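Undergrad: Data: query_36.txt, compact mmCIF, N, CA and C atoms.
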# COMPACT_ATOMS: atom_id res chain seq x y z
N MET A 1 161.79 29.58 202.51
CA MET A 1 162.00 30.13 203.83
C MET A 1 161.11 31.32 204.07
N PHE A 2 160.83 32.08 203.00
CA PHE A 2 160.01 33.27 203.15
C PHE A 2 158.56 32.93 202.92
N GLN A 3 157.71 33.52 203.71
CA GLN A 3 156.29 33.48 203.44
C GLN A 3 155.92 34.85 202.94
N THR A 4 155.30 34.90 201.79
CA THR A 4 154.92 36.18 201.25
C THR A 4 153.45 36.21 200.98
N SER A 5 152.89 37.38 201.01
CA SER A 5 151.50 37.54 200.66
C SER A 5 151.39 38.79 199.81
N SER A 6 150.46 38.77 198.90
CA SER A 6 150.25 39.92 198.03
C SER A 6 149.07 40.71 198.53
N VAL A 7 149.21 41.99 198.46
CA VAL A 7 148.12 42.88 198.82
C VAL A 7 147.82 43.69 197.58
N ALA A 8 146.64 43.56 197.06
CA ALA A 8 146.27 44.31 195.88
C ALA A 8 145.09 45.19 196.20
N GLY A 9 145.16 46.39 195.72
CA GLY A 9 144.05 47.29 195.97
C GLY A 9 143.82 48.13 194.74
N THR A 10 142.62 48.59 194.60
CA THR A 10 142.31 49.46 193.49
C THR A 10 141.90 50.80 194.05
N GLY A 11 142.63 51.80 193.67
CA GLY A 11 142.29 53.14 194.12
C GLY A 11 141.63 53.87 192.96
N SER A 12 140.61 54.61 193.24
CA SER A 12 139.99 55.36 192.16
C SER A 12 139.79 56.79 192.59
N ALA A 13 139.97 57.64 191.65
CA ALA A 13 139.76 59.06 191.91
C ALA A 13 138.73 59.54 190.90
N SER A 14 137.73 60.22 191.37
CA SER A 14 136.73 60.70 190.43
C SER A 14 136.72 62.21 190.43
N SER A 15 136.44 62.73 189.28
CA SER A 15 136.33 64.17 189.13
C SER A 15 135.20 64.43 188.15
N THR A 16 134.97 65.66 187.88
CA THR A 16 133.87 66.00 186.99
C THR A 16 134.15 65.57 185.56
N SER A 17 135.42 65.41 185.20
CA SER A 17 135.75 65.07 183.82
C SER A 17 135.83 63.58 183.57
N GLY A 18 135.92 62.74 184.61
CA GLY A 18 135.99 61.29 184.39
C GLY A 18 136.52 60.57 185.60
N THR A 19 136.77 59.28 185.40
CA THR A 19 137.24 58.42 186.47
C THR A 19 138.53 57.75 186.03
N SER A 20 139.52 57.67 186.94
CA SER A 20 140.75 56.93 186.66
C SER A 20 140.98 55.96 187.79
N SER A 21 141.62 54.83 187.48
CA SER A 21 141.94 53.85 188.52
C SER A 21 143.30 53.26 188.25
N ASP A 22 143.95 52.83 189.31
CA ASP A 22 145.25 52.20 189.18
C ASP A 22 145.35 51.08 190.21
N ASP A 23 146.06 50.02 189.86
CA ASP A 23 146.26 48.89 190.75
C ASP A 23 147.60 49.02 191.44
N ILE A 24 147.59 48.76 192.73
CA ILE A 24 148.81 48.80 193.52
C ILE A 24 149.03 47.41 194.09
N THR A 25 150.20 46.83 193.83
CA THR A 25 150.52 45.51 194.34
C THR A 25 151.84 45.59 195.07
N ARG A 26 151.90 45.00 196.25
CA ARG A 26 153.16 44.95 197.00
C ARG A 26 153.28 43.58 197.64
N THR A 27 154.49 43.17 197.89
CA THR A 27 154.77 41.90 198.53
C THR A 27 155.29 42.17 199.93
N VAL A 28 154.72 41.46 200.90
CA VAL A 28 155.08 41.65 202.30
C VAL A 28 155.74 40.38 202.82
N LYS A 29 156.95 40.51 203.39
CA LYS A 29 157.63 39.38 204.00
C LYS A 29 157.15 39.24 205.43
N THR A 30 156.82 38.00 205.81
CA THR A 30 156.38 37.77 207.17
C THR A 30 157.43 37.04 208.00
N GLU A 31 158.53 36.64 207.37
CA GLU A 31 159.62 35.98 208.09
C GLU A 31 160.95 36.53 207.56
N LEU A 32 161.92 36.58 208.44
CA LEU A 32 163.27 36.98 208.02
C LEU A 32 164.10 35.73 207.76
N GLY A 33 164.91 35.77 206.72
CA GLY A 33 165.78 34.65 206.39
C GLY A 33 167.22 34.98 206.72
N LYS A 34 168.11 34.09 206.32
CA LYS A 34 169.51 34.27 206.66
C LYS A 34 170.11 35.49 205.95
N ASP A 35 169.67 35.76 204.72
CA ASP A 35 170.18 36.94 204.01
C ASP A 35 169.77 38.22 204.72
N ASP A 36 168.53 38.27 205.20
CA ASP A 36 168.06 39.45 205.92
C ASP A 36 168.84 39.63 207.23
N PHE A 37 169.11 38.54 207.91
CA PHE A 37 169.86 38.60 209.18
C PHE A 37 171.27 39.13 208.92
N LEU A 38 171.90 38.64 207.86
CA LEU A 38 173.26 39.10 207.53
C LEU A 38 173.26 40.58 207.16
N LYS A 39 172.26 41.04 206.41
CA LYS A 39 172.16 42.45 206.05
C LYS A 39 172.00 43.32 207.31
N LEU A 40 171.18 42.85 208.24
CA LEU A 40 171.01 43.60 209.49
C LEU A 40 172.31 43.68 210.27
N LEU A 41 173.04 42.57 210.33
CA LEU A 41 174.31 42.55 211.06
C LEU A 41 175.32 43.50 210.41
N ILE A 42 175.41 43.48 209.09
CA ILE A 42 176.34 44.38 208.39
C ILE A 42 175.95 45.83 208.60
N THR A 43 174.66 46.11 208.53
CA THR A 43 174.18 47.48 208.75
C THR A 43 174.51 47.94 210.17
N GLN A 44 174.32 47.04 211.12
CA GLN A 44 174.63 47.38 212.52
C GLN A 44 176.12 47.69 212.68
N LEU A 45 176.97 46.87 212.07
CA LEU A 45 178.42 47.10 212.19
C LEU A 45 178.84 48.38 211.47
N THR A 46 178.19 48.67 210.34
CA THR A 46 178.53 49.87 209.57
C THR A 46 178.17 51.15 210.31
N HIS A 47 177.06 51.13 211.04
CA HIS A 47 176.57 52.34 211.69
C HIS A 47 176.86 52.42 213.18
N GLN A 48 177.72 51.56 213.67
CA GLN A 48 178.01 51.62 215.10
C GLN A 48 178.91 52.81 215.43
N ASP A 49 178.85 53.23 216.63
CA ASP A 49 179.65 54.35 217.11
C ASP A 49 181.10 53.89 217.24
N PRO A 50 182.05 54.53 216.53
CA PRO A 50 183.45 54.09 216.60
C PRO A 50 184.06 54.25 218.00
N LEU A 51 183.52 55.18 218.78
CA LEU A 51 184.03 55.36 220.14
C LEU A 51 183.42 54.37 221.12
N ASN A 52 182.34 53.70 220.72
CA ASN A 52 181.68 52.73 221.58
C ASN A 52 181.26 51.52 220.72
N PRO A 53 182.25 50.75 220.23
CA PRO A 53 181.92 49.65 219.31
C PRO A 53 181.18 48.51 220.04
N MET A 54 180.61 47.63 219.22
CA MET A 54 179.92 46.46 219.76
C MET A 54 180.92 45.61 220.53
N GLU A 55 180.50 45.11 221.66
CA GLU A 55 181.40 44.27 222.46
C GLU A 55 181.56 42.91 221.79
N ASP A 56 182.71 42.28 222.07
CA ASP A 56 183.00 40.98 221.48
C ASP A 56 181.90 39.96 221.80
N LYS A 57 181.40 39.98 223.02
CA LYS A 57 180.38 39.01 223.42
C LYS A 57 179.11 39.17 222.58
N GLU A 58 178.70 40.40 222.33
CA GLU A 58 177.51 40.65 221.52
C GLU A 58 177.73 40.15 220.09
N PHE A 59 178.89 40.45 219.54
CA PHE A 59 179.19 40.04 218.17
C PHE A 59 179.22 38.52 218.06
N ILE A 60 179.84 37.86 219.02
CA ILE A 60 179.92 36.40 219.01
C ILE A 60 178.52 35.79 219.15
N ALA A 61 177.68 36.39 219.99
CA ALA A 61 176.31 35.90 220.15
C ALA A 61 175.52 36.03 218.85
N GLN A 62 175.69 37.15 218.16
CA GLN A 62 174.99 37.33 216.89
C GLN A 62 175.51 36.37 215.82
N MET A 63 176.79 36.13 215.81
CA MET A 63 177.34 35.17 214.84
C MET A 63 176.85 33.76 215.15
N ALA A 64 176.71 33.43 216.43
CA ALA A 64 176.18 32.12 216.80
C ALA A 64 174.73 32.00 216.35
N GLN A 65 173.96 33.08 216.47
CA GLN A 65 172.57 33.06 215.99
C GLN A 65 172.54 32.86 214.47
N PHE A 66 173.44 33.52 213.78
CA PHE A 66 173.50 33.37 212.33
C PHE A 66 173.86 31.93 211.96
N SER A 67 174.81 31.35 212.67
CA SER A 67 175.21 29.97 212.42
C SER A 67 174.06 29.02 212.69
N SER A 68 173.31 29.25 213.74
CA SER A 68 172.14 28.41 214.05
C SER A 68 171.08 28.53 212.96
N LEU A 69 170.86 29.73 212.49
CA LEU A 69 169.90 29.95 211.42
C LEU A 69 170.32 29.19 210.17
N GLU A 70 171.59 29.24 209.84
CA GLU A 70 172.11 28.53 208.67
C GLU A 70 171.89 27.02 208.81
N GLN A 71 172.19 26.48 209.99
CA GLN A 71 172.03 25.05 210.22
C GLN A 71 170.56 24.64 210.15
N LEU A 72 169.66 25.45 210.69
CA LEU A 72 168.23 25.15 210.62
C LEU A 72 167.73 25.19 209.18
N THR A 73 168.24 26.12 208.40
CA THR A 73 167.87 26.22 207.00
C THR A 73 168.32 24.96 206.25
N ASN A 74 169.53 24.53 206.51
CA ASN A 74 170.05 23.32 205.87
C ASN A 74 169.28 22.08 206.31
N LEU A 75 168.91 22.01 207.59
CA LEU A 75 168.13 20.89 208.10
C LEU A 75 166.77 20.84 207.43
N ASN A 76 166.13 22.00 207.30
CA ASN A 76 164.83 22.07 206.64
C ASN A 76 164.91 21.60 205.19
N ALA A 77 165.95 22.02 204.50
CA ALA A 77 166.14 21.59 203.10
C ALA A 77 166.33 20.08 203.03
N GLY A 78 167.07 19.53 203.98
CA GLY A 78 167.28 18.08 204.01
C GLY A 78 166.00 17.32 204.28
N LEU A 79 165.17 17.83 205.18
CA LEU A 79 163.89 17.17 205.47
C LEU A 79 162.96 17.23 204.26
N GLU A 80 162.94 18.36 203.58
CA GLU A 80 162.11 18.47 202.38
C GLU A 80 162.58 17.48 201.32
N SER A 81 163.88 17.32 201.19
CA SER A 81 164.43 16.38 200.23
C SER A 81 164.03 14.94 200.59
N MET A 82 164.08 14.61 201.88
CA MET A 82 163.70 13.26 202.32
C MET A 82 162.22 13.01 202.06
N THR A 83 161.38 14.01 202.30
CA THR A 83 159.94 13.87 202.07
C THR A 83 159.67 13.64 200.59
N ASN A 84 160.34 14.42 199.75
CA ASN A 84 160.17 14.25 198.30
C ASN A 84 160.63 12.87 197.86
N PHE A 85 161.71 12.37 198.44
CA PHE A 85 162.21 11.04 198.11
C PHE A 85 161.20 9.98 198.52
N ALA A 86 160.63 10.10 199.72
CA ALA A 86 159.65 9.12 200.20
C ALA A 86 158.42 9.11 199.30
N MET A 87 157.98 10.29 198.88
CA MET A 87 156.81 10.36 198.01
C MET A 87 157.11 9.73 196.65
N THR A 88 158.26 10.03 196.09
CA THR A 88 158.65 9.46 194.80
C THR A 88 158.80 7.95 194.91
N ASN A 89 159.40 7.50 195.99
CA ASN A 89 159.61 6.08 196.21
C ASN A 89 158.28 5.35 196.39
N ALA A 90 157.32 5.97 197.08
CA ALA A 90 156.03 5.33 197.35
C ALA A 90 155.26 5.04 196.07
N VAL A 91 155.40 5.89 195.07
CA VAL A 91 154.71 5.67 193.79
C VAL A 91 155.16 4.35 193.16
N ASN A 92 156.39 3.95 193.42
CA ASN A 92 156.90 2.69 192.88
C ASN A 92 156.21 1.46 193.47
N TYR A 93 155.48 1.62 194.57
CA TYR A 93 154.76 0.51 195.18
C TYR A 93 153.48 0.15 194.44
N ILE A 94 152.96 1.05 193.61
CA ILE A 94 151.71 0.78 192.90
C ILE A 94 151.89 -0.44 192.01
N GLY A 95 150.98 -1.40 192.16
CA GLY A 95 151.04 -2.65 191.38
C GLY A 95 151.86 -3.73 192.04
N ARG A 96 152.54 -3.42 193.12
CA ARG A 96 153.36 -4.41 193.83
C ARG A 96 152.63 -4.88 195.08
N THR A 97 153.01 -6.01 195.59
CA THR A 97 152.39 -6.57 196.79
C THR A 97 153.22 -6.19 198.01
N VAL A 98 152.56 -5.58 199.00
CA VAL A 98 153.23 -5.19 200.23
C VAL A 98 152.73 -6.06 201.38
N THR A 99 153.62 -6.29 202.32
CA THR A 99 153.29 -7.08 203.51
C THR A 99 153.40 -6.18 204.73
N PHE A 100 152.43 -6.32 205.65
CA PHE A 100 152.39 -5.51 206.85
C PHE A 100 151.60 -6.24 207.92
N TYR A 101 151.69 -5.76 209.15
CA TYR A 101 150.90 -6.30 210.26
C TYR A 101 149.71 -5.40 210.49
N ASN A 102 148.52 -6.02 210.64
CA ASN A 102 147.34 -5.21 210.95
C ASN A 102 147.30 -4.94 212.45
N SER A 103 146.25 -4.27 212.92
CA SER A 103 146.16 -3.88 214.33
C SER A 103 146.05 -5.09 215.26
N ASP A 104 145.64 -6.26 214.73
CA ASP A 104 145.54 -7.49 215.54
C ASP A 104 146.85 -8.27 215.55
N GLY A 105 147.87 -7.78 214.87
CA GLY A 105 149.16 -8.46 214.81
C GLY A 105 149.22 -9.51 213.72
N GLU A 106 148.19 -9.59 212.89
CA GLU A 106 148.14 -10.57 211.81
C GLU A 106 148.92 -10.03 210.60
N GLU A 107 149.73 -10.89 209.99
CA GLU A 107 150.50 -10.48 208.82
C GLU A 107 149.61 -10.57 207.58
N LEU A 108 149.53 -9.46 206.84
CA LEU A 108 148.70 -9.39 205.64
C LEU A 108 149.54 -8.98 204.45
N SER A 109 149.11 -9.40 203.26
CA SER A 109 149.77 -9.00 202.02
C SER A 109 148.71 -8.60 201.01
N TYR A 110 148.88 -7.43 200.42
CA TYR A 110 147.93 -6.92 199.43
C TYR A 110 148.69 -6.21 198.31
N LYS A 111 148.03 -6.15 197.14
CA LYS A 111 148.56 -5.44 195.99
C LYS A 111 148.15 -3.97 196.11
N VAL A 112 149.12 -3.07 196.01
CA VAL A 112 148.87 -1.64 196.14
C VAL A 112 148.20 -1.13 194.87
N THR A 113 147.08 -0.39 195.05
CA THR A 113 146.34 0.15 193.92
C THR A 113 146.56 1.66 193.74
N SER A 114 146.87 2.35 194.85
CA SER A 114 147.11 3.80 194.77
C SER A 114 147.90 4.26 195.99
N VAL A 115 148.38 5.49 195.90
CA VAL A 115 149.17 6.10 196.97
C VAL A 115 148.65 7.51 197.20
N THR A 116 148.54 7.92 198.49
CA THR A 116 148.17 9.30 198.80
C THR A 116 149.23 9.92 199.69
N PHE A 117 149.35 11.25 199.58
CA PHE A 117 150.30 12.02 200.38
C PHE A 117 149.50 13.08 201.10
N ASN A 118 149.62 13.13 202.43
CA ASN A 118 148.90 14.14 203.21
C ASN A 118 149.81 14.64 204.32
N GLN A 119 150.26 15.87 204.20
CA GLN A 119 151.11 16.52 205.19
C GLN A 119 152.31 15.66 205.58
N GLY A 120 152.98 15.15 204.58
CA GLY A 120 154.18 14.36 204.82
C GLY A 120 153.93 12.89 205.10
N GLU A 121 152.68 12.52 205.30
CA GLU A 121 152.32 11.12 205.56
C GLU A 121 152.03 10.42 204.22
N VAL A 122 152.64 9.27 204.01
CA VAL A 122 152.43 8.50 202.79
C VAL A 122 151.58 7.28 203.15
N THR A 123 150.46 7.11 202.44
CA THR A 123 149.56 5.99 202.69
C THR A 123 149.40 5.18 201.42
N LEU A 124 149.56 3.86 201.55
CA LEU A 124 149.37 2.94 200.43
C LEU A 124 147.95 2.39 200.52
N HIS A 125 147.24 2.35 199.39
CA HIS A 125 145.87 1.85 199.37
C HIS A 125 145.80 0.55 198.59
N TYR A 126 144.98 -0.37 199.07
CA TYR A 126 144.74 -1.65 198.41
C TYR A 126 143.24 -1.88 198.43
N ASP A 127 142.78 -2.87 197.69
CA ASP A 127 141.35 -3.16 197.67
C ASP A 127 140.87 -3.49 199.07
N GLY A 128 140.04 -2.62 199.61
CA GLY A 128 139.46 -2.87 200.93
C GLY A 128 140.16 -2.17 202.08
N GLY A 129 141.20 -1.41 201.83
CA GLY A 129 141.85 -0.73 202.95
C GLY A 129 143.07 0.06 202.56
N SER A 130 143.79 0.48 203.60
CA SER A 130 145.01 1.25 203.39
C SER A 130 145.96 0.99 204.54
N VAL A 131 147.23 1.31 204.31
CA VAL A 131 148.26 1.12 205.32
C VAL A 131 149.28 2.24 205.19
N PRO A 132 149.72 2.82 206.33
CA PRO A 132 150.80 3.83 206.25
C PRO A 132 152.09 3.15 205.75
N LEU A 133 152.83 3.87 204.96
CA LEU A 133 154.07 3.34 204.40
C LEU A 133 155.01 2.85 205.50
N GLU A 134 155.02 3.54 206.62
CA GLU A 134 155.94 3.17 207.72
C GLU A 134 155.61 1.80 208.32
N ASN A 135 154.40 1.25 208.09
CA ASN A 135 154.02 -0.05 208.65
C ASN A 135 154.37 -1.22 207.73
N VAL A 136 154.82 -0.91 206.52
CA VAL A 136 155.15 -1.96 205.54
C VAL A 136 156.43 -2.66 205.97
N ILE A 137 156.38 -4.01 205.99
CA ILE A 137 157.56 -4.78 206.38
C ILE A 137 158.20 -5.52 205.22
N GLY A 138 157.49 -5.57 204.07
CA GLY A 138 158.04 -6.24 202.91
C GLY A 138 157.33 -5.84 201.64
N VAL A 139 158.06 -5.99 200.52
CA VAL A 139 157.51 -5.66 199.20
C VAL A 139 157.91 -6.78 198.24
N ALA A 140 156.92 -7.25 197.48
CA ALA A 140 157.20 -8.31 196.50
C ALA A 140 156.84 -7.85 195.11
For the structure just supplied, provide its representation as structure tokens.

TA:
Amino acid sequence: MFQTSSVAGTGSASSTSGTSSDDITRTVKTELGKDDFLKLLITQLTHQDPLNPMEDKEFIAQMAQFSSLEQLTNLNAGLESMTNFAMTNAVNYIGRTVTFYNSDGEELSYKVTSVTFNQGEVTLHYDGGSVPLENVIGVA
């Protein structure tokens, strides 16, 4: 969920007696996750003015945002799991004969020689061509 990047720099200080250097490394978060959102909400509730507390509508809206974030996180995890399953399953096609329709509507059958994965797309390769996994109508 988090995207992080490292920033490394070398600082050096020189003087008449010599040179010293030190490496500084820090990690920067570019996205907030559900844990960060919950920490912000707790901090907000902890530091609110007791004479002017957060209104119920605001609190409910923030809880709904938190719930939406949780559901999106779970959906993303499910999609990643499905993609991994499709990739693992596609490897099982190597050496087997798949049947599919070409662009002319003709039914073809070829023995799969290799499989490639590119940005979630699974492609089966055979001697002389390739076919997206989603176009396969049968496996022998």

Undergrad: Go through A:Gly120, A:Asp35, A:Lys57, A:Asp49 and flag the residue nearest A:Ser81, using only C-alpha atoms for the distances.

TA: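 Result for the nearest residue to A:Ser81: A:Gly120.
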
Undergrad: Under the rule that only C-alpha atoms are counted, which of A:Met82, A:Tyr93, A:Gly138, A:Met87 is the nearest residue to A:Ser109?

TA: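 With only C-alpha atoms as the atom set, the closest residue is A:Gly138.
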
Undergrad: Could you check which of A:Gln62, A:Tyr110, A:Asn52, A:Phe85 is closest to A:His125, using only C-alpha atoms?

TA: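 Ranked by minimum distance to A:His125, first place goes to A:Tyr110.
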
Undergrad: Kindly give the distance, in Å, that separates atom N of A:Leu69 and atom C of A:Ile42, rounded to a single decimal.

TA: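 Taking atom N of A:Leu69 and atom C of A:Ile42, their separation equals 17.3 Å.
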
Undergrad: Any idea what the distance is between atom CA of A:Asn92 and atom CA of A:Val122?

TA: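 Atom CA of A:Val122 lies at a distance of 12.3 Å from atom CA of A:Asn92.
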
Undergrad: For stretch 103-107 of chain A, find every residue with an atom within 12 Å (counting only C-alpha atoms), except residues of its own chain fewer than 2 positions away, and show them as a PDB file with N, CA and C atoms, in the frame of the given file.

TA:
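The resulting file, out_19.pdb, is shown below:
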ATOM      1  N   VAL A  98     152.560  -5.580 199.000  1.00  0.00           N
ATOM      2  CA  VAL A  98     153.230  -5.190 200.230  1.00  0.00           C
ATOM      3  C   VAL A  98     152.730  -6.060 201.380  1.00  0.00           C
ATOM      4  N   THR A  99     153.620  -6.290 202.320  1.00  0.00           N
ATOM      5  CA  THR A  99     153.290  -7.080 203.510  1.00  0.00           C
ATOM      6  C   THR A  99     153.400  -6.180 204.730  1.00  0.00           C
ATOM      7  N   PHE A 100     152.430  -6.320 205.650  1.00  0.00           N
ATOM      8  CA  PHE A 100     152.390  -5.510 206.850  1.00  0.00           C
ATOM      9  C   PHE A 100     151.600  -6.240 207.920  1.00  0.00           C
ATOM     10  N   TYR A 101     151.690  -5.760 209.150  1.00  0.00           N
ATOM     11  CA  TYR A 101     150.900  -6.300 210.260  1.00  0.00           C
ATOM     12  C   TYR A 101     149.710  -5.400 210.490  1.00  0.00           C
ATOM     13  N   SER A 109     149.110  -9.400 203.260  1.00  0.00           N
ATOM     14  CA  SER A 109     149.770  -9.000 202.020  1.00  0.00           C
ATOM     15  C   SER A 109     148.710  -8.600 201.010  1.00  0.00           C
ATOM     16  N   TYR A 110     148.880  -7.430 200.420  1.00  0.00           N
ATOM     17  CA  TYR A 110     147.930  -6.920 199.430  1.00  0.00           C
ATOM     18  C   TYR A 110     148.690  -6.210 198.310  1.00  0.00           C
ATOM     19  N   VAL A 131     147.230   1.310 204.310  1.00  0.00           N
ATOM     20  CA  VAL A 131     148.260   1.120 205.320  1.00  0.00           C
ATOM     21  C   VAL A 131     149.280   2.240 205.190  1.00  0.00           C
ATOM     22  N   ASN A 135     154.400   1.250 208.090  1.00  0.00           N
ATOM     23  CA  ASN A 135     154.020  -0.050 208.650  1.00  0.00           C
ATOM     24  C   ASN A 135     154.370  -1.220 207.730  1.00  0.00           C
ATOM     25  N   VAL A 136     154.820  -0.910 206.520  1.00  0.00           N
ATOM     26  CA  VAL A 136     155.150  -1.960 205.540  1.00  0.00           C
ATOM     27  C   VAL A 136     156.430  -2.660 205.970  1.00  0.00           C
ATOM     28  N   ILE A 137     156.380  -4.010 205.990  1.00  0.00           N
ATOM     29  CA  ILE A 137     157.560  -4.780 206.380  1.00  0.00           C
ATOM     30  C   ILE A 137     158.200  -5.520 205.220  1.00  0.00           C
ATOM     31  N   GLY A 138     157.490  -5.570 204.070  1.00  0.00           N
ATOM     32  CA  GLY A 138     158.040  -6.240 202.910  1.00  0.00           C
ATOM     33  C   GLY A 138     157.330  -5.840 201.640  1.00  0.00           C
TER      34      GLY A 138
END

Undergrad: Could you name the residues that touch A:Ser68 at 12 Å or less, counting only C-alpha atoms, but leaving out those on the same chain fewer than 5 positions away, as a list in words?

TA: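 Listed by chain and then number, they are Gly33, Lys34, Phe37, Ala61, Gln62, Met63, Thr73, Asn74 and Leu75 of chain A.
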
Undergrad: With only N, CA and C atoms as the atoms that count, which of A:Leu108, A:Ala77, A:Val139, A:Leu40 lies nearest to A:Arg96?

TA: A:Val139

Undergrad: Would you work out the distance separating atom CA of A:Leu124 from atom CA of A:Leu79, expressed in Å to one decimal?

TA: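 Separating atom CA of A:Leu124 from atom CA of A:Leu79 is a distance of 20.9 Å.
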
Undergrad: Mind the document's chain letters and residue numbers, and return as number ranges by chain the residues of stretch 23-128 of chain A that DSSP labels alpha helix (DSSP H).

TA: A: 34-46, 56-91
